[in-house]
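Below is one structure, written out as structure tokens, with a few remarks after it.
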Amino acid sequence: MTLEQILDAYRTRPRFARQFTAWRTFPAKPAQVAEFPEAMDARLRHALARCGIAQLYTHQARAFAEVQAGRDIVVVTPTASGKTLCYNLPVLDAILRGGGPRALYLFPTKALGADQVDELQQLIRSLEVEIGAYTYDGDTPGDARRTIRAAGHIVVTNPDMLHTAILPHHTKWLRLFENLRYVVLDELHHYRGVFGSHLANVLRRLERICRFYGSAPQFICCSATIGNTGEHAARLLERPVAVLDESGAPSGERTVAVYNPPVVNPALGIRRDAVRESVAVAEELLKGRVQTIFFARTRLRAELLTTYLREAARRQHLDPEAVCGYRAGYLPSERRTIEAGLRRGTVRAVAATNALELGIDIGHLSAAVLVGYPGTIASTWQQMGRAGRRADRSFAVLVATSGALDQFIATHPEYLFEQPVEQARINPDNLLVLASHVKCAAFELPLRDGETFGPNTLPEILAYLEEEGVLHHEDNAWHYVAEAYPAEGVSLRSASPENVVIIDTTDPRPRVIGEIDLPSAPAFVHEDAIYIHLGRQYHVDRLDWDERKAYVRQVDVDYYTDAQIAVGVRVLEEFARERDAAHGEAAVTFRPTIFKKLRLATHENVGFGTIHLPETTLHTTAAWWIFPRARVPEMDTDALEGALLGVAHALHNIAPLYLMTDPRDVGSTVEIRSPHTGEPTVTLFEEIPGGVGLAERLFALRGELLDRAAALVEGCGCEHGCPSCVGPVLELGPEAKRRTLRLLRDVCVPA
């Protein structure tokens, strides 16, 4: 059965046809090519020819020319468009011309770095020239590290290793930093929010050390499509960047669809399980022997998919071993084996988390099934782009869950196809993030008076760190004097400097099984909580709040716990207001109250308990919408509170469509009478200390967000409200849907 026949079956069979809410077909696009640049070293041209490359795509040729001209660039082209050559060619050309130039390649994950080294080594072997290109990460043996420091023309690593292992020990990397010509920053779109804010400061430290050794590297960046690539790159690098966004790579005809599983409970708006429905869709692809990748949002869902797909493979007389899972937590050797099987075609289906969203070479798949909306339009197109990596026909489908965000996409598929891709946001000058890296920078080299590192708040930060006994001012410089090694205490993936360590005491010898950031600890590792790790259940016996340790033991119970956290917000400073909307700095307090025990199978409440933990405060930024009481005289206090909760639920679910962030990065709260506004108010706040610019973006989109939230509620098929639109109707009241729409459409009037 061909892919075309399978698509016809989807369109015509009653089992599937009525569930598809959108079909779009994108025509094939021919390649746009260019001859090898005359300035390119002849040996490199011959090596490309030996690899079967007779011409370059136009964006590859332009990238080579721009780098040769000394410009910093960012290449923005689709998946499988050959971005790798955009940086490998100018780097190898410079090395071939002599003078000992070095290059530093940064990839967001170890797996991607290892994959890119393999591809680079193939090209180097074709050159038949001695060029050292090595991976330097946490798995690199000690003796190999010495070799890499001495002989590595190209060092491939990740931001975390640069932060903790290279910059603090720069004296061991003398040859690299004295001769560093190029820094390659791949998957630029991945560096957003807290991670991007940290990376911008790591790059500040990198450039500072380069200046000390007399080098001034040029940056070559690559990115998937986002709404502000040039601005984002310039913010990360703090310099102008040339944007190359016209791809010369070919693409085959591609069909993209949105599938909404059938409703099984109309009153509650619950639909058939997305995992099971994805397997039903996949069965046709397996029958036709169409090589397919499945993307799931969680590790657990990826493992469930693998199990169900293997059952489907047996029904289609396909070897179940031809179906594999792929996620973080697998051994590197296991992941390499799966990747090789995908390239060879022996693996016919793979169920993955977003670990395969990045540009690891997995060959030429023909179909992609997304089990649930990935969270951003950028990630959606990135995952869909993993199929159709040749000029052949391909198919990609998004299977919606019952979640509010998924249901909005399913009922408004035009948003996916017509809305501009989200913008990436970072805030390198977030005080907590910046102060962490000021300590690291001072450890690496004393900070001179008047030296620039970030914003002009630096003198105040330096003075504070001196009071804390971290720095000492002497001879016009700030010296690091604390005993602790600062980089090891700074996680690039979190703004919070503190974590709670989770210790398993099941066996006589306790062991650390993980950690959780301090703000999240009250909800997940309070005493008597059921903590789930790698699919196993653990009972939290004790949380030592002062020592930041949670002691757990393995259990096998039929319930999970859900903590209730009372949230309060106090506006510290209002930055801007336009009629019924504003944004500013806020202090958000979290007070754990009780937890519920919910049965795993039915989610029914089977008990509760009290949480005894101190209140915590988060200083962050927020945006808020005001709903004047005088405009809703028909609602009593209970009705108005239910409607406000419905508005908060809808806004909280719609906001990630615009923010390019995880829903967990934004929190919400409602107030019947806000101390700041004096009126009923809905607030969305950043769950990130200091904020990274999300609230400002929410304020800028204040009116559009209300319209989209109203469209989400109106488009939901439920009668009175459900978790897919306004939240659980049993808690909000039977008129929650109508009242929520009243507030969204008629009451709040933002400019």
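A note on labels: chains of the structure tokens are A, B, ... as shown, every chain counts residues from 1, and ligands are counted from 1 in their shown order.
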*Test item, helix (DSSP H, G or I) assignment across region 297-462 of chain A, answer as an MDAnalysis selection string*: chainID A and resid 299:315 320:322 332:344 354:356 377:384 404:411 414:418 431:444 458:462
Export, as a PDB file, in the first residue's frame, the selected residues with C-alpha atoms.
```pdb
ATOM      1  CA  ARG A 299       8.769   9.840  28.622  1.00  0.00           C
ATOM      2  CA  LEU A 300       5.859   7.800  29.991  1.00  0.00           C
ATOM      3  CA  ARG A 301       3.749   8.460  26.905  1.00  0.00           C
ATOM      4  CA  ALA A 302       6.675   7.514  24.638  1.00  0.00           C
ATOM      5  CA  GLU A 303       7.032   4.181  26.457  1.00  0.00           C
ATOM      6  CA  LEU A 304       3.282   3.507  26.243  1.00  0.00           C
ATOM      7  CA  LEU A 305       3.386   4.260  22.528  1.00  0.00           C
ATOM      8  CA  THR A 306       6.251   1.828  22.040  1.00  0.00           C
ATOM      9  CA  THR A 307       4.291  -0.926  23.799  1.00  0.00           C
ATOM     10  CA  TYR A 308       1.090  -0.338  21.829  1.00  0.00           C
ATOM     11  CA  LEU A 309       2.925   0.046  18.499  1.00  0.00           C
ATOM     12  CA  ARG A 310       4.664  -3.287  18.995  1.00  0.00           C
ATOM     13  CA  GLU A 311       1.261  -4.905  19.534  1.00  0.00           C
ATOM     14  CA  ALA A 312       0.046  -3.257  16.313  1.00  0.00           C
ATOM     15  CA  ALA A 313       3.178  -4.446  14.482  1.00  0.00           C
ATOM     16  CA  ARG A 314       2.385  -8.046  15.443  1.00  0.00           C
ATOM     17  CA  ARG A 315      -1.142  -7.645  14.070  1.00  0.00           C
ATOM     18  CA  PRO A 320       7.877  -5.989  16.805  1.00  0.00           C
ATOM     19  CA  GLU A 321      11.608  -5.374  17.222  1.00  0.00           C
ATOM     20  CA  ALA A 322      11.293  -3.044  14.218  1.00  0.00           C
ATOM     21  CA  PRO A 332      24.197   6.426  24.434  1.00  0.00           C
ATOM     22  CA  SER A 333      24.994   3.095  22.764  1.00  0.00           C
ATOM     23  CA  GLU A 334      21.276   2.221  22.688  1.00  0.00           C
ATOM     24  CA  ARG A 335      20.418   5.544  21.076  1.00  0.00           C
ATOM     25  CA  ARG A 336      23.175   5.160  18.471  1.00  0.00           C
ATOM     26  CA  THR A 337      21.865   1.684  17.580  1.00  0.00           C
ATOM     27  CA  ILE A 338      18.327   3.023  17.094  1.00  0.00           C
ATOM     28  CA  GLU A 339      19.561   5.958  14.995  1.00  0.00           C
ATOM     29  CA  ALA A 340      21.547   3.565  12.777  1.00  0.00           C
ATOM     30  CA  GLY A 341      18.487   1.305  12.435  1.00  0.00           C
ATOM     31  CA  LEU A 342      16.403   4.281  11.280  1.00  0.00           C
ATOM     32  CA  ARG A 343      19.024   5.223   8.683  1.00  0.00           C
ATOM     33  CA  ARG A 344      19.244   1.627   7.401  1.00  0.00           C
ATOM     34  CA  ASN A 354      11.553  15.759  21.700  1.00  0.00           C
ATOM     35  CA  ALA A 355      15.041  14.224  22.020  1.00  0.00           C
ATOM     36  CA  LEU A 356      14.733  13.486  18.280  1.00  0.00           C
ATOM     37  CA  ILE A 377       4.272  26.219  16.527  1.00  0.00           C
ATOM     38  CA  ALA A 378       8.046  26.213  16.002  1.00  0.00           C
ATOM     39  CA  SER A 379       8.386  22.763  17.628  1.00  0.00           C
ATOM     40  CA  THR A 380       5.357  21.502  15.695  1.00  0.00           C
ATOM     41  CA  TRP A 381       6.943  22.305  12.336  1.00  0.00           C
ATOM     42  CA  GLN A 382      10.326  21.077  13.555  1.00  0.00           C
ATOM     43  CA  GLN A 383       8.879  17.689  14.508  1.00  0.00           C
ATOM     44  CA  MET A 384       6.773  17.436  11.361  1.00  0.00           C
ATOM     45  CA  ALA A 404      -7.325  22.991  26.224  1.00  0.00           C
ATOM     46  CA  LEU A 405      -4.365  23.960  24.058  1.00  0.00           C
ATOM     47  CA  ASP A 406      -4.747  20.879  21.842  1.00  0.00           C
ATOM     48  CA  GLN A 407      -8.468  21.472  21.471  1.00  0.00           C
ATOM     49  CA  PHE A 408      -7.890  25.062  20.434  1.00  0.00           C
ATOM     50  CA  ILE A 409      -5.530  23.901  17.681  1.00  0.00           C
ATOM     51  CA  ALA A 410      -7.940  21.135  16.617  1.00  0.00           C
ATOM     52  CA  THR A 411     -10.939  23.482  16.390  1.00  0.00           C
ATOM     53  CA  GLU A 414      -5.901  27.855  10.720  1.00  0.00           C
ATOM     54  CA  TYR A 415      -3.846  29.099  13.679  1.00  0.00           C
ATOM     55  CA  LEU A 416      -1.262  26.385  13.034  1.00  0.00           C
ATOM     56  CA  PHE A 417      -1.018  27.167   9.332  1.00  0.00           C
ATOM     57  CA  GLU A 418      -1.423  30.946   9.302  1.00  0.00           C
ATOM     58  CA  LEU A 431      19.470  39.720  38.491  1.00  0.00           C
ATOM     59  CA  LEU A 432      19.635  36.138  39.763  1.00  0.00           C
ATOM     60  CA  VAL A 433      21.047  34.835  36.480  1.00  0.00           C
ATOM     61  CA  LEU A 434      23.465  37.741  36.050  1.00  0.00           C
ATOM     62  CA  ALA A 435      24.766  37.612  39.637  1.00  0.00           C
ATOM     63  CA  SER A 436      25.486  33.884  39.253  1.00  0.00           C
ATOM     64  CA  HIS A 437      27.654  34.514  36.206  1.00  0.00           C
ATOM     65  CA  VAL A 438      29.388  37.559  37.709  1.00  0.00           C
ATOM     66  CA  LYS A 439      30.705  35.175  40.384  1.00  0.00           C
ATOM     67  CA  CYS A 440      31.824  32.716  37.695  1.00  0.00           C
ATOM     68  CA  ALA A 441      33.483  35.487  35.671  1.00  0.00           C
ATOM     69  CA  ALA A 442      35.391  36.783  38.707  1.00  0.00           C
ATOM     70  CA  PHE A 443      36.590  33.241  39.478  1.00  0.00           C
ATOM     71  CA  GLU A 444      37.938  32.967  35.913  1.00  0.00           C
ATOM     72  CA  LEU A 458      27.138  45.651  37.785  1.00  0.00           C
ATOM     73  CA  PRO A 459      28.660  47.926  40.510  1.00  0.00           C
ATOM     74  CA  GLU A 460      25.709  47.201  42.805  1.00  0.00           C
ATOM     75  CA  ILE A 461      26.039  43.441  42.178  1.00  0.00           C
ATOM     76  CA  LEU A 462      29.774  43.556  42.891  1.00  0.00           C
TER      77      LEU A 462
END
```
*Got a sec: who's within 10 Å of Cys210 (chain A), counting only C-alpha atoms, leaving out chain neighbours fewer than 2 positions off, as JSON, numbers by chain?*
{"A": [170, 174, 176, 177, 178, 179, 180, 181, 204, 205, 206, 207, 208, 212, 213, 214, 215, 216, 217]}
*If we count only C-alpha atoms, what is near region 643-655 of chain A at a cut-off of 9 Å, once residues fewer than 6 positions away on the same chain are taken out, given as a PyMOL selection string?*
chain A and resi 403-405+408+627+661+663+666-672+680-684+698+705-706+708-710+712-713+721+723-728+732-733+735-744
Limited to C-alpha atoms, could you put the picked residues into a file as a tab-separated table (two decimals), in the first residue's frame?
```
chain	number	residue	atom	x	y	z
A	403	GLY	CA	-6.19	19.41	26.77
A	404	ALA	CA	-7.33	22.99	26.22
A	405	LEU	CA	-4.36	23.96	24.06
A	408	PHE	CA	-7.89	25.06	20.43
A	627	PHE	CA	-12.77	43.25	35.00
A	661	THR	CA	7.50	28.51	26.37
A	663	PRO	CA	2.90	26.16	30.17
A	666	VAL	CA	3.52	30.77	33.56
A	667	GLY	CA	1.20	30.72	36.57
A	668	SER	CA	-2.18	32.35	37.15
A	669	THR	CA	-4.30	33.64	39.98
A	670	VAL	CA	-7.59	35.53	40.40
A	671	GLU	CA	-8.73	38.15	42.91
A	672	ILE	CA	-12.32	39.27	43.52
A	680	PRO	CA	-11.76	41.81	40.02
A	681	THR	CA	-8.45	40.91	38.39
A	682	VAL	CA	-6.87	37.97	36.58
A	683	THR	CA	-3.06	37.81	36.73
A	684	LEU	CA	-0.61	35.73	34.71
A	698	LEU	CA	1.66	39.07	27.36
A	705	LEU	CA	-5.05	36.95	24.00
A	706	LEU	CA	-8.58	37.78	25.19
A	708	ARG	CA	-8.12	33.85	21.39
A	709	ALA	CA	-9.23	32.77	24.85
A	710	ALA	CA	-12.84	33.57	23.90
A	712	LEU	CA	-11.11	28.64	22.68
A	713	VAL	CA	-14.18	28.68	24.96
A	721	GLY	CA	-17.83	24.14	30.42
A	723	PRO	CA	-11.35	21.17	31.43
A	724	SER	CA	-10.70	21.80	27.72
A	725	CYS	CA	-12.01	25.36	27.93
A	726	VAL	CA	-12.85	26.96	31.32
A	727	GLY	CA	-11.93	24.22	33.80
A	728	PRO	CA	-13.96	21.67	35.81
A	732	LEU	CA	-17.02	26.67	38.71
A	733	GLY	CA	-20.77	26.26	38.47
A	735	GLU	CA	-23.11	28.72	34.01
A	736	ALA	CA	-19.30	28.98	34.01
A	737	LYS	CA	-18.94	28.86	30.23
A	738	ARG	CA	-21.50	31.58	29.53
A	739	ARG	CA	-20.20	33.84	32.30
A	740	THR	CA	-16.58	33.37	31.25
A	741	LEU	CA	-17.47	34.42	27.70
A	742	ARG	CA	-19.28	37.45	29.09
A	743	LEU	CA	-16.11	38.60	30.85
A	744	LEU	CA	-13.88	37.86	27.86
```
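Of the residues listed (A:Ile532, A:Asp72, A:Ile270, A:Ile594), A:Ile270 shows the shortest atom-to-atom separation from Cys718 (chain A); distances use only C-alpha atoms.
With only C-alpha atoms as the atoms that count, the residue of A:Thr452, A:Thr617, A:Thr2, A:Thr561 with the shortest distance to Leu598 (chain A) is A:Thr561.
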*asked:* One decimal, in Å: what's the spacing between CA of Pro592 (chain A) and CA of Arg673 (chain A)?
replied: 22.1 Å
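All residues within region 192-323 of chain A that the backbone DSSP calculation assigns to strand (DSSP E or B) are Gln218, Phe219, Ile220, Cys221, Cys222, Ser223, Ala242, Val243, Leu244, Ser251, Arg254, Thr255, Val256, Ala257, Val258, Tyr259, Val263, Val264, Asn265, Ile270, Arg271, Thr292, Ile293, Phe294, Phe295, Ala296 and Val323 of chain A.
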_Shell of 9 Å around region 238-253 of chain A, only C-alpha atoms, local chain residues under 2 positions omitted, as a PyMOL selection string_ = chain A and resi 25-33+56-60+62-63+66+71-78+80-82+200+204+219+225+229-231+233-236+255+388-395
Put those residues in a file: N, CA and C atoms, as a short mmCIF file (atom, residue, chain, number, x, y, z; two decimals), in the first residue's frame.
```
data_model
loop_
_atom_site.label_atom_id
_atom_site.label_comp_id
_atom_site.auth_asym_id
_atom_site.auth_seq_id
_atom_site.Cartn_x
_atom_site.Cartn_y
_atom_site.Cartn_z
N THR A 25 -1.94 20.50 1.79
CA THR A 25 -0.86 19.91 0.98
C THR A 25 0.05 21.01 0.49
N PHE A 26 1.34 20.84 0.74
CA PHE A 26 2.35 21.81 0.33
C PHE A 26 3.10 21.24 -0.87
N PRO A 27 3.19 21.99 -1.95
CA PRO A 27 3.81 21.44 -3.16
C PRO A 27 5.31 21.23 -3.01
N ALA A 28 5.83 20.38 -3.88
CA ALA A 28 7.28 20.14 -3.89
C ALA A 28 8.01 21.41 -4.32
N LYS A 29 9.24 21.51 -3.88
CA LYS A 29 10.06 22.68 -4.21
C LYS A 29 11.40 22.21 -4.76
N PRO A 30 11.78 22.67 -5.94
CA PRO A 30 13.06 22.23 -6.51
C PRO A 30 14.24 22.89 -5.81
N ALA A 31 15.40 22.28 -5.96
CA ALA A 31 16.62 22.83 -5.35
C ALA A 31 17.09 24.07 -6.09
N GLN A 32 17.66 25.00 -5.34
CA GLN A 32 18.34 26.16 -5.89
C GLN A 32 19.82 26.00 -5.57
N VAL A 33 20.64 25.85 -6.60
CA VAL A 33 22.04 25.49 -6.37
C VAL A 33 22.99 26.57 -6.85
N LEU A 56 26.60 23.32 -4.27
CA LEU A 56 26.04 23.72 -2.98
C LEU A 56 24.64 24.27 -3.18
N TYR A 57 23.83 24.19 -2.14
CA TYR A 57 22.58 24.93 -2.15
C TYR A 57 22.92 26.41 -2.00
N THR A 58 22.04 27.27 -2.48
CA THR A 58 22.35 28.70 -2.49
C THR A 58 22.59 29.25 -1.08
N HIS A 59 21.88 28.75 -0.09
CA HIS A 59 22.10 29.29 1.26
C HIS A 59 23.45 28.83 1.81
N GLN A 60 23.94 27.67 1.39
CA GLN A 60 25.26 27.21 1.83
C GLN A 60 26.36 28.07 1.21
N ARG A 62 25.99 31.16 0.15
CA ARG A 62 25.93 32.50 0.71
C ARG A 62 26.54 32.53 2.11
N ALA A 63 26.29 31.49 2.90
CA ALA A 63 26.87 31.42 4.24
C ALA A 63 28.39 31.44 4.16
N GLU A 66 29.51 35.01 3.36
CA GLU A 66 29.33 35.94 4.48
C GLU A 66 30.40 35.72 5.56
N ARG A 71 31.61 38.37 8.66
CA ARG A 71 30.36 38.70 9.35
C ARG A 71 29.90 37.57 10.26
N ASP A 72 29.25 37.93 11.36
CA ASP A 72 28.55 36.95 12.19
C ASP A 72 27.21 36.66 11.51
N ILE A 73 26.83 35.39 11.44
CA ILE A 73 25.63 35.04 10.70
C ILE A 73 24.74 34.10 11.52
N VAL A 74 23.46 34.06 11.13
CA VAL A 74 22.54 33.04 11.60
C VAL A 74 21.78 32.51 10.38
N VAL A 75 21.85 31.20 10.18
CA VAL A 75 21.20 30.55 9.05
C VAL A 75 19.86 29.99 9.53
N VAL A 76 18.78 30.39 8.88
CA VAL A 76 17.43 29.99 9.29
C VAL A 76 16.77 29.27 8.12
N THR A 77 16.87 27.97 8.09
CA THR A 77 16.27 27.18 7.01
C THR A 77 15.60 25.95 7.61
N PRO A 78 14.74 25.26 6.84
CA PRO A 78 13.99 24.12 7.39
C PRO A 78 14.87 22.95 7.77
N ALA A 80 16.61 19.43 7.62
CA ALA A 80 17.21 18.65 6.51
C ALA A 80 17.55 19.50 5.30
N SER A 81 17.93 20.77 5.55
CA SER A 81 18.31 21.65 4.44
C SER A 81 19.81 21.79 4.31
N GLY A 82 20.58 21.01 5.06
CA GLY A 82 22.03 21.05 4.92
C GLY A 82 22.70 22.19 5.65
N ALA A 200 23.49 33.43 27.24
CA ALA A 200 23.98 34.76 26.89
C ALA A 200 25.09 35.20 27.84
N ARG A 204 29.12 35.88 27.27
CA ARG A 204 29.84 37.05 27.78
C ARG A 204 31.16 36.63 28.41
N PHE A 219 31.04 34.37 15.00
CA PHE A 219 29.96 33.44 15.35
C PHE A 219 29.20 33.00 14.10
N THR A 225 13.06 27.96 12.25
CA THR A 225 12.33 29.21 12.08
C THR A 225 11.64 29.63 13.37
N THR A 229 14.28 35.70 14.72
CA THR A 229 15.60 35.07 14.73
C THR A 229 16.74 36.08 14.82
N GLY A 230 16.69 37.11 13.99
CA GLY A 230 17.76 38.11 14.00
C GLY A 230 17.87 38.82 15.33
N GLU A 231 16.73 39.24 15.86
CA GLU A 231 16.71 39.92 17.17
C GLU A 231 17.21 38.99 18.27
N ALA A 233 19.20 36.32 17.99
CA ALA A 233 20.65 36.08 17.85
C ALA A 233 21.44 37.28 18.34
N ALA A 234 20.99 38.48 17.98
CA ALA A 234 21.70 39.69 18.41
C ALA A 234 21.65 39.87 19.92
N ARG A 235 20.55 39.44 20.53
CA ARG A 235 20.41 39.54 21.99
C ARG A 235 21.35 38.54 22.68
N LEU A 236 21.46 37.34 22.11
CA LEU A 236 22.35 36.33 22.69
C LEU A 236 23.81 36.75 22.57
N THR A 255 1.85 16.49 2.91
CA THR A 255 0.49 16.66 3.42
C THR A 255 0.53 16.75 4.93
N GLY A 388 9.93 13.35 5.49
CA GLY A 388 10.06 14.02 4.20
C GLY A 388 11.40 14.67 4.00
N ARG A 389 12.46 13.99 4.46
CA ARG A 389 13.80 14.55 4.35
C ARG A 389 14.43 14.24 2.99
N ARG A 390 13.61 13.83 2.02
CA ARG A 390 14.04 13.68 0.64
C ARG A 390 13.05 14.44 -0.23
N ALA A 391 13.10 14.23 -1.53
CA ALA A 391 12.16 14.89 -2.43
C ALA A 391 10.89 14.07 -2.58
N ASP A 392 10.71 12.99 -1.81
CA ASP A 392 9.54 12.13 -1.93
C ASP A 392 8.34 12.72 -1.18
N ARG A 393 7.17 12.14 -1.42
CA ARG A 393 5.94 12.52 -0.73
C ARG A 393 6.05 12.18 0.75
N SER A 394 5.49 13.02 1.62
CA SER A 394 5.51 12.75 3.05
C SER A 394 4.20 13.18 3.68
N PHE A 395 3.99 12.72 4.92
CA PHE A 395 2.74 12.97 5.63
C PHE A 395 3.06 13.27 7.09
#
```
*Neighbours of region 517-519 of chain A within 12 Å (only C-alpha atoms; same-chain residues fewer than 5 positions away dropped), as a PyMOL selection string?*
chain A and resi 491+493-502+524-526+543-550+565+588-592+613-619+664-665+687-689
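Proximity ranking of A:Ala424, A:Ala61, A:Val91, A:Leu465 relative to His190 (chain A) places A:Ala424 first, based on only C-alpha atoms.
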_Can you pull out the residues contacting Val263 (chain A)? Cut-off 12 Å, using only C-alpha atoms, and skip same-chain residues under 4 positions away; I want them as a ChimeraX atom specification._
/A:18-19,267-274,277,400-402,407,716-718
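In this model, the gap between CA of Thr346 (chain A) and CA of Asp319 (chain A) comes to 9.8 Å.
One finds CA of Pro750 (chain A) at 12.0 Å from CA of Pro628 (chain A).
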